[in-house]
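Asker: Take this structure, written in structure tokens, and hold onto it; I'll ask about it next.
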Amino acid sequence: MDEKLARKLQQVGERFNLPGPFFNYEEIHMGNVNRTYRADYIRDDGTGMARIKSYLVQRVNTYAFRDPVGLMNNIDKVTEYIHAKRPKQICLHYHHTNDRETYLFDGDEFWRICNYVPSVTYDSCDDIEIVRSAAEAFGDFQMILSDFDASQLSYTIPDFHNTRKRYQTLIDDAALDPVGRVESVREELDYLLGVQDLACRLTDMLNAGELPLRVTHNDTKINNVLFDENTKKALVVIDLDTVMPGLVAHDFGDAVRFAANFTEEDSEEIARTGLDLNIFWAFADGFLSQTARMLTQKEIDTLALSGFVLACELATRFLDDYITGDKYFNIKKPGHNLIRTRCQIALAKDMLKKMDAMDAIVHGCADKYRG
Ligand code: GN1
Ligand code: MG
């Protein structure tokens with residue numbers, strides 16, 4: 001245990017008035033941007049017996065999230081809304097400090113604390129039932145928020161899924177080449193620039209007014225769904241940092257590029273990387289079982305393409321971060337962002353080959369649930 005970090009977590013807990021003595025923490029490897037810890041406290045259960053009570057303590061990455069206060073306002077509104085609609089369902093609850101804020105910001109580090117839900121998550125999964133259940137949870141999330149007033153939400157990361165802007169940033173940074181890495185990534189750059197128009201299709205359709213803005217999750221990796229360890233049923237959708245107005249295809253595509261990849265998103269086994277049509281089918285079926293009746297025909301028509309779009313968009317982000325010196329995403333090894341880029345490109349290429357099959361699956365599922 002890192003004593004300095006333990007002391008910090010304890011101090012943060014004190015500011016949020018967490019009762020009982022702190023005795024342990026464990027880092028939870030969740031996400032590539034924030035730092036997450038489970039903090040354990042000893043508590044009297046009311047009968048004089050000791051009981052362990054855990055909390056989820058997070059340090060928000062303020063390099064990625066430039067407006068963390070706006071972000072917490074979004075999360076507060078959305079979690080309260082979900083709780084009011086589904087009072088009996090497990091949901092996320094953020095604790096308050098003495099100043100009645102859902103965060104602690106000392107000008108440098110930004111901390112927040114929410115309830116810890118004992119559960120399991122899946123970074124990769126070939127169990128069709130689990131994938132389907134996660135897809136239902138994301139579809140349901142979309143439905144719960146379908147009547148939420150999106151104008152109440154601030155854009156926690158402006159232009160998050162503006163693929164055109166992501167490309168422009170990549171092009172600009174490649175021209176600057178601040179850490180001298182561009183020469184070694186020519187092949188990846190050329191591929192991404194070659195498919196730019198197709199990758200920007202969703203952005204262009206949104207700008208042309210062809211697709212409706214909804215309240216979307218914007219980070220629908222399957223490991224952002226908590227599952228019951230025993231029943232393997234989805235319990236709650238987590239990681240609400242990027243809940244903002246967006247396109248349904250952003251949520252669908254991001255989920256697919258993560259869950260339906262034969263490998264993990266940063267795999268070096270490029271030859272194995274590609275789209276698993278069985279997993280794709282299970283995800284499409286689960287998601288559309290909740291949403292098909294609400295979506296417009298044009299939205300449904302974009303779903304098969306969305307996996308390709310999101311894989312390319314993320315590849316441009318990983319590659320840009322590599323070119324600018326790994327400032328945004330947490331990396332676990334040298335070259336990690338380049339490895340991630342290559343994996344997303346391999347996935348995107350395979351998705352293009354399977355586009356007709358994906359499209360047939362999407363329309364088949366939509367017809368089934370629209371009746
Ligand atoms: C980041 O940190 P995490 O894993 O929740 C990123 C997503 C990417 C993802 C790729 C705010 O999410 O957009 O798809 O990494 N989140 C942000 O793993 O940039
Ligand atoms: Mg996230």
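Going by the structure tokens order, chains are called A, B, ..., each with residues numbered from 1, while ligands are numbered from 1 in the order shown.
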As a quick test: using only C-alpha atoms and all ligand atoms, which residues lie no more than 9 Å away from ligand 1? Give them as an MDAnalysis selection string.

Answerer: chainID A and resid 30:35 61 64:65 156:157 160:161 218:221 223:224 239:242 254 258 265:266 310:311 314 317:318 328:330 340

Asker: When you look at Thr296 (chain A) with a cut-off of 9 Å (counting only C-alpha atoms), what residues show up, excluding the ones that are within fewer than 5 positions of it in the same chain? I need them as a list of chain:residue names.

Answerer: A:Leu211, A:Pro212, A:Asp301

Asker: Restrict the selected residues to C-alpha atoms and save them as a short mmCIF file (atom, residue, chain, number, x, y, z; two decimals), in the first residue's frame.

Answerer:
data_model
loop_
_atom_site.label_atom_id
_atom_site.label_comp_id
_atom_site.auth_asym_id
_atom_site.auth_seq_id
_atom_site.Cartn_x
_atom_site.Cartn_y
_atom_site.Cartn_z
CA LEU A 211 -30.17 12.77 -37.38
CA PRO A 212 -31.71 13.81 -34.04
CA ASP A 301 -29.69 2.89 -41.18
#

Asker: Residues at most 12 Å from Lys8 (chain A), counting only C-alpha atoms, excluding those fewer than 2 positions away in the same chain, as a VMD selection string?

Answerer: chain A and resid 2 to 6 10 to 15 22 24 to 25 37 39 57 to 59 109 111

Asker: My list of candidates is A:Arg86, A:Lys77, A:Arg66, A:His217. Which is closest to ligand 2 when distances are computed with only C-alpha atoms and all ligand atoms?

Answerer: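 Closest to ligand 2 of all the choices is A:His217.
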
Asker: Considering only C-alpha atoms, return as an MDAnalysis selection string whatever protein or nucleic-acid residues lie within 10 Å of His93 (chain A), sequence-local ones (same chain, fewer than 4 positions apart) excluded.

Answerer: chainID A and resid 75:76 79:80 83 102 113:116

Asker: At a cut-off of 8 Å, using only C-alpha atoms, what residues contact Phe283 (chain A)? Leave out same-chain residues fewer than 4 positions from it and give the result as an MDAnalysis selection string.

Answerer: chainID A and resid 131:132 134:135 256 279 287

Asker: Give me a file of those residues, with N, CA and C atoms, as a PDB file, in the first residue's frame.

Answerer:
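Heads up, here's the output in result_11.pdb:
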ATOM      1  N   VAL A 131     -23.436 -10.227 -23.241  1.00  0.00           N
ATOM      2  CA  VAL A 131     -23.406  -9.142 -24.219  1.00  0.00           C
ATOM      3  C   VAL A 131     -24.815  -8.596 -24.454  1.00  0.00           C
ATOM      4  N   ARG A 132     -25.757  -9.519 -24.571  1.00  0.00           N
ATOM      5  CA  ARG A 132     -27.139  -9.101 -24.802  1.00  0.00           C
ATOM      6  C   ARG A 132     -27.658  -8.273 -23.622  1.00  0.00           C
ATOM      7  N   ALA A 134     -25.873  -6.517 -21.485  1.00  0.00           N
ATOM      8  CA  ALA A 134     -25.225  -5.196 -21.489  1.00  0.00           C
ATOM      9  C   ALA A 134     -25.904  -4.288 -22.520  1.00  0.00           C
ATOM     10  N   ALA A 135     -26.219  -4.853 -23.674  1.00  0.00           N
ATOM     11  CA  ALA A 135     -26.856  -4.075 -24.742  1.00  0.00           C
ATOM     12  C   ALA A 135     -28.236  -3.588 -24.300  1.00  0.00           C
ATOM     13  N   VAL A 256     -20.057  -1.547 -29.952  1.00  0.00           N
ATOM     14  CA  VAL A 256     -19.733  -2.612 -30.886  1.00  0.00           C
ATOM     15  C   VAL A 256     -18.222  -2.716 -31.115  1.00  0.00           C
ATOM     16  N   ILE A 279     -21.226 -11.831 -31.748  1.00  0.00           N
ATOM     17  CA  ILE A 279     -21.333 -10.850 -30.658  1.00  0.00           C
ATOM     18  C   ILE A 279     -22.071  -9.617 -31.162  1.00  0.00           C
ATOM     19  N   PHE A 287     -29.851  -4.249 -27.850  1.00  0.00           N
ATOM     20  CA  PHE A 287     -30.000  -2.789 -27.908  1.00  0.00           C
ATOM     21  C   PHE A 287     -31.314  -2.412 -28.596  1.00  0.00           C
TER      22      PHE A 287
END

Asker: A:His336, A:Leu247, A:Phe141, A:Glu269: which is nearest Lys298 (chain A), counting only C-alpha atoms?

Answerer: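 Smallest separation from Lys298 (chain A) among the options: A:Leu247.
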
Asker: Using DSSP on the backbone, list every residue of region 55-215 of chain A that comes out as alpha helix (DSSP H), and give them as a short mmCIF file (atom, residue, chain, number, x, y, z; two decimals) with N, CA and C atoms, in the first residue's frame.

Answerer:
data_model
loop_
_atom_site.label_atom_id
_atom_site.label_comp_id
_atom_site.auth_asym_id
_atom_site.auth_seq_id
_atom_site.Cartn_x
_atom_site.Cartn_y
_atom_site.Cartn_z
N PRO A 68 -14.72 20.23 -14.88
CA PRO A 68 -15.17 19.14 -14.01
C PRO A 68 -16.40 19.49 -13.17
N VAL A 69 -16.57 20.80 -12.89
CA VAL A 69 -17.75 21.19 -12.10
C VAL A 69 -19.01 21.01 -12.95
N GLY A 70 -18.94 21.44 -14.21
CA GLY A 70 -20.06 21.23 -15.14
C GLY A 70 -20.35 19.74 -15.29
N LEU A 71 -19.30 18.97 -15.32
CA LEU A 71 -19.43 17.51 -15.44
C LEU A 71 -20.20 16.94 -14.24
N MET A 72 -19.84 17.40 -13.03
CA MET A 72 -20.53 16.88 -11.84
C MET A 72 -21.98 17.35 -11.81
N ASN A 73 -22.25 18.54 -12.32
CA ASN A 73 -23.65 18.98 -12.41
C ASN A 73 -24.44 18.06 -13.32
N ASN A 74 -23.85 17.70 -14.45
CA ASN A 74 -24.52 16.76 -15.37
C ASN A 74 -24.83 15.45 -14.65
N ILE A 75 -23.81 14.92 -13.99
CA ILE A 75 -23.97 13.61 -13.36
C ILE A 75 -25.03 13.67 -12.27
N ASP A 76 -25.03 14.76 -11.52
CA ASP A 76 -26.00 14.93 -10.45
C ASP A 76 -27.42 14.93 -11.02
N LYS A 77 -27.62 15.70 -12.08
CA LYS A 77 -28.95 15.80 -12.68
C LYS A 77 -29.40 14.45 -13.24
N VAL A 78 -28.48 13.79 -13.93
CA VAL A 78 -28.85 12.53 -14.59
C VAL A 78 -29.10 11.42 -13.56
N THR A 79 -28.24 11.33 -12.53
CA THR A 79 -28.45 10.27 -11.54
C THR A 79 -29.73 10.52 -10.74
N GLU A 80 -30.01 11.79 -10.42
CA GLU A 80 -31.25 12.10 -9.70
C GLU A 80 -32.47 11.75 -10.56
N TYR A 81 -32.38 12.05 -11.82
CA TYR A 81 -33.49 11.79 -12.74
C TYR A 81 -33.76 10.28 -12.84
N ILE A 82 -32.69 9.52 -12.97
CA ILE A 82 -32.85 8.07 -13.09
C ILE A 82 -33.41 7.50 -11.78
N HIS A 83 -32.89 8.00 -10.67
CA HIS A 83 -33.35 7.50 -9.37
C HIS A 83 -34.83 7.81 -9.15
N ALA A 84 -35.27 9.02 -9.56
CA ALA A 84 -36.68 9.38 -9.39
C ALA A 84 -37.58 8.49 -10.25
N LYS A 85 -37.11 8.13 -11.43
CA LYS A 85 -37.91 7.28 -12.33
C LYS A 85 -37.90 5.83 -11.90
N ILE A 128 -22.70 -14.76 -25.08
CA ILE A 128 -23.77 -14.05 -25.80
C ILE A 128 -24.79 -13.43 -24.84
N GLU A 129 -25.12 -14.15 -23.78
CA GLU A 129 -26.13 -13.66 -22.84
C GLU A 129 -25.68 -12.40 -22.13
N ILE A 130 -24.40 -12.37 -21.76
CA ILE A 130 -23.86 -11.19 -21.07
C ILE A 130 -23.84 -9.99 -22.02
N VAL A 131 -23.44 -10.23 -23.24
CA VAL A 131 -23.41 -9.14 -24.22
C VAL A 131 -24.81 -8.60 -24.45
N ARG A 132 -25.76 -9.52 -24.57
CA ARG A 132 -27.14 -9.10 -24.80
C ARG A 132 -27.66 -8.27 -23.62
N SER A 133 -27.33 -8.73 -22.43
CA SER A 133 -27.77 -8.04 -21.22
C SER A 133 -27.15 -6.64 -21.13
N ALA A 134 -25.87 -6.52 -21.48
CA ALA A 134 -25.22 -5.20 -21.49
C ALA A 134 -25.90 -4.29 -22.52
N ALA A 135 -26.22 -4.85 -23.67
CA ALA A 135 -26.86 -4.07 -24.74
C ALA A 135 -28.24 -3.59 -24.30
N GLU A 136 -28.97 -4.45 -23.61
CA GLU A 136 -30.28 -4.03 -23.09
C GLU A 136 -30.10 -2.88 -22.10
N ALA A 137 -29.05 -2.98 -21.26
CA ALA A 137 -28.81 -1.93 -20.26
C ALA A 137 -28.51 -0.59 -20.93
N PHE A 138 -27.68 -0.61 -21.99
CA PHE A 138 -27.38 0.65 -22.68
C PHE A 138 -28.61 1.16 -23.44
N GLY A 139 -29.38 0.25 -24.02
CA GLY A 139 -30.61 0.66 -24.72
C GLY A 139 -31.60 1.25 -23.72
N ASP A 140 -31.70 0.61 -22.57
CA ASP A 140 -32.62 1.08 -21.53
C ASP A 140 -32.17 2.46 -21.01
N PHE A 141 -30.86 2.63 -20.87
CA PHE A 141 -30.32 3.92 -20.42
C PHE A 141 -30.77 5.03 -21.37
N GLN A 142 -30.66 4.74 -22.64
CA GLN A 142 -31.09 5.67 -23.68
C GLN A 142 -32.59 5.99 -23.54
N MET A 143 -33.37 4.94 -23.25
CA MET A 143 -34.82 5.12 -23.14
C MET A 143 -35.19 5.93 -21.88
N ILE A 144 -34.53 5.63 -20.76
CA ILE A 144 -34.86 6.37 -19.52
C ILE A 144 -34.65 7.86 -19.74
N THR A 163 -16.18 13.94 -35.41
CA THR A 163 -15.09 13.21 -36.06
C THR A 163 -14.27 14.11 -36.97
N ARG A 164 -14.94 15.05 -37.63
CA ARG A 164 -14.20 16.00 -38.49
C ARG A 164 -13.15 16.76 -37.68
N LYS A 165 -13.56 17.23 -36.50
CA LYS A 165 -12.60 17.99 -35.66
C LYS A 165 -11.48 17.07 -35.16
N ARG A 166 -11.83 15.83 -34.83
CA ARG A 166 -10.79 14.89 -34.39
C ARG A 166 -9.75 14.71 -35.49
N TYR A 167 -10.24 14.60 -36.73
CA TYR A 167 -9.31 14.46 -37.85
C TYR A 167 -8.46 15.71 -38.01
N GLN A 168 -9.10 16.87 -37.89
CA GLN A 168 -8.35 18.12 -38.09
C GLN A 168 -7.24 18.24 -37.04
N THR A 169 -7.57 17.85 -35.81
CA THR A 169 -6.56 17.90 -34.75
C THR A 169 -5.39 16.99 -35.09
N LEU A 170 -5.72 15.80 -35.58
CA LEU A 170 -4.66 14.85 -35.96
C LEU A 170 -3.79 15.45 -37.08
N ILE A 171 -4.45 16.02 -38.08
CA ILE A 171 -3.70 16.58 -39.21
C ILE A 171 -2.79 17.72 -38.73
N ASP A 172 -3.34 18.58 -37.87
CA ASP A 172 -2.55 19.72 -37.36
C ASP A 172 -1.37 19.24 -36.53
N ASP A 173 -1.63 18.30 -35.64
CA ASP A 173 -0.55 17.83 -34.76
C ASP A 173 0.51 17.04 -35.54
N ALA A 174 0.06 16.32 -36.57
CA ALA A 174 1.03 15.59 -37.39
C ALA A 174 1.95 16.59 -38.11
N ALA A 175 1.39 17.74 -38.52
CA ALA A 175 2.20 18.75 -39.19
C ALA A 175 3.22 19.35 -38.22
N LEU A 176 2.82 19.50 -36.96
CA LEU A 176 3.73 20.07 -35.96
C LEU A 176 4.78 19.05 -35.50
N ARG A 186 3.54 6.78 -40.47
CA ARG A 186 3.02 7.14 -41.80
C ARG A 186 1.91 6.22 -42.26
N GLU A 187 2.14 4.91 -42.11
CA GLU A 187 1.18 3.93 -42.62
C GLU A 187 -0.19 4.14 -41.96
N GLU A 188 -0.17 4.31 -40.63
CA GLU A 188 -1.43 4.49 -39.89
C GLU A 188 -2.11 5.80 -40.28
N LEU A 189 -1.31 6.85 -40.41
CA LEU A 189 -1.86 8.15 -40.82
C LEU A 189 -2.50 8.05 -42.19
N ASP A 190 -1.79 7.41 -43.12
CA ASP A 190 -2.30 7.31 -44.49
C ASP A 190 -3.61 6.54 -44.52
N TYR A 191 -3.68 5.47 -43.76
CA TYR A 191 -4.93 4.70 -43.76
C TYR A 191 -6.08 5.58 -43.26
N LEU A 192 -5.86 6.20 -42.12
CA LEU A 192 -6.95 6.98 -41.52
C LEU A 192 -7.39 8.13 -42.42
N LEU A 193 -6.42 8.81 -43.03
CA LEU A 193 -6.78 9.92 -43.91
C LEU A 193 -7.51 9.41 -45.16
N GLY A 194 -7.16 8.22 -45.59
CA GLY A 194 -7.80 7.63 -46.78
C GLY A 194 -9.28 7.32 -46.57
N GLN A 196 -11.22 9.04 -44.42
CA GLN A 196 -11.75 10.17 -43.65
C GLN A 196 -13.23 10.46 -43.92
N ASP A 197 -13.63 10.50 -45.20
CA ASP A 197 -15.01 10.90 -45.48
C ASP A 197 -16.02 9.88 -44.96
N LEU A 198 -15.69 8.62 -45.11
CA LEU A 198 -16.61 7.60 -44.59
C LEU A 198 -16.65 7.66 -43.06
N ALA A 199 -15.49 7.87 -42.45
CA ALA A 199 -15.43 7.93 -40.98
C ALA A 199 -16.18 9.14 -40.44
N ARG A 201 -18.97 10.33 -41.69
CA ARG A 201 -20.35 10.31 -42.19
C ARG A 201 -21.37 10.73 -41.13
N LEU A 202 -21.21 10.23 -39.90
CA LEU A 202 -22.19 10.57 -38.85
C LEU A 202 -22.15 12.06 -38.52
N THR A 203 -20.95 12.59 -38.42
CA THR A 203 -20.79 14.03 -38.12
C THR A 203 -21.44 14.86 -39.22
N ASP A 204 -21.21 14.47 -40.46
CA ASP A 204 -21.78 15.22 -41.58
C ASP A 204 -23.30 15.15 -41.58
N MET A 205 -23.83 13.95 -41.28
CA MET A 205 -25.30 13.80 -41.25
C MET A 205 -25.91 14.62 -40.12
N LEU A 206 -25.22 14.66 -38.98
CA LEU A 206 -25.71 15.47 -37.86
C LEU A 206 -25.73 16.95 -38.26
N ASN A 207 -24.62 17.39 -38.84
CA ASN A 207 -24.54 18.80 -39.23
C ASN A 207 -25.57 19.16 -40.29
#

Asker: Just to confirm, what's the straight-line distance from CA of Asp159 (chain A) to CA of Glu210 (chain A) in Å (one decimal)?

Answerer: 17.9 Å

Asker: Please return, as an MDAnalysis selection string, all residues of region 10-105 of chain A that DSSP assigns to strand (DSSP E or B) on the basis of the backbone.

Answerer: chainID A and resid 22:28 35:44 50:60 94 104:105

Asker: With only C-alpha atoms and all ligand atoms as the atoms that count, which of A:Ala260, A:Ile222, A:Leu18, A:Leu104 lies nearest to ligand 2?

Answerer: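 Selected residue with least distance to ligand 2: A:Ile222.
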
Asker: Do you have the CA of Ile361 (chain A)-CA of Thr273 (chain A) distance handy?

Answerer: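 Interatomic distance, CA of Ile361 (chain A) to CA of Thr273 (chain A): 20.6 Å.
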
Asker: One decimal, Å: what's the distance from CA of Phe105 (chain A) over to CA of Asp67 (chain A), could you say?

Answerer: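 Computed distance, CA of Phe105 (chain A) to CA of Asp67 (chain A), equals 11.7 Å.
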
Asker: Nearest residue to Gly307 (chain A) out of A:His363, A:Lys327, A:Gly286, A:Val248, using only C-alpha atoms?

Answerer: A:Val248

Asker: Return the single residue from A:Asp149, A:Val237, A:Arg293, A:Asp228 that is closest to ligand 2, with distances computed using only C-alpha atoms and all ligand atoms.

Answerer: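 Using only C-alpha atoms and all ligand atoms, the shortest distance to ligand 2 belongs to A:Val237.
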
Asker: Between A:Asp321, A:Glu264, A:Asp367, A:Asp356, which one has atoms that come closest to Gln297 (chain A), using only C-alpha atoms?

Answerer: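 Distance minimum relative to Gln297 (chain A) lands on A:Asp367.
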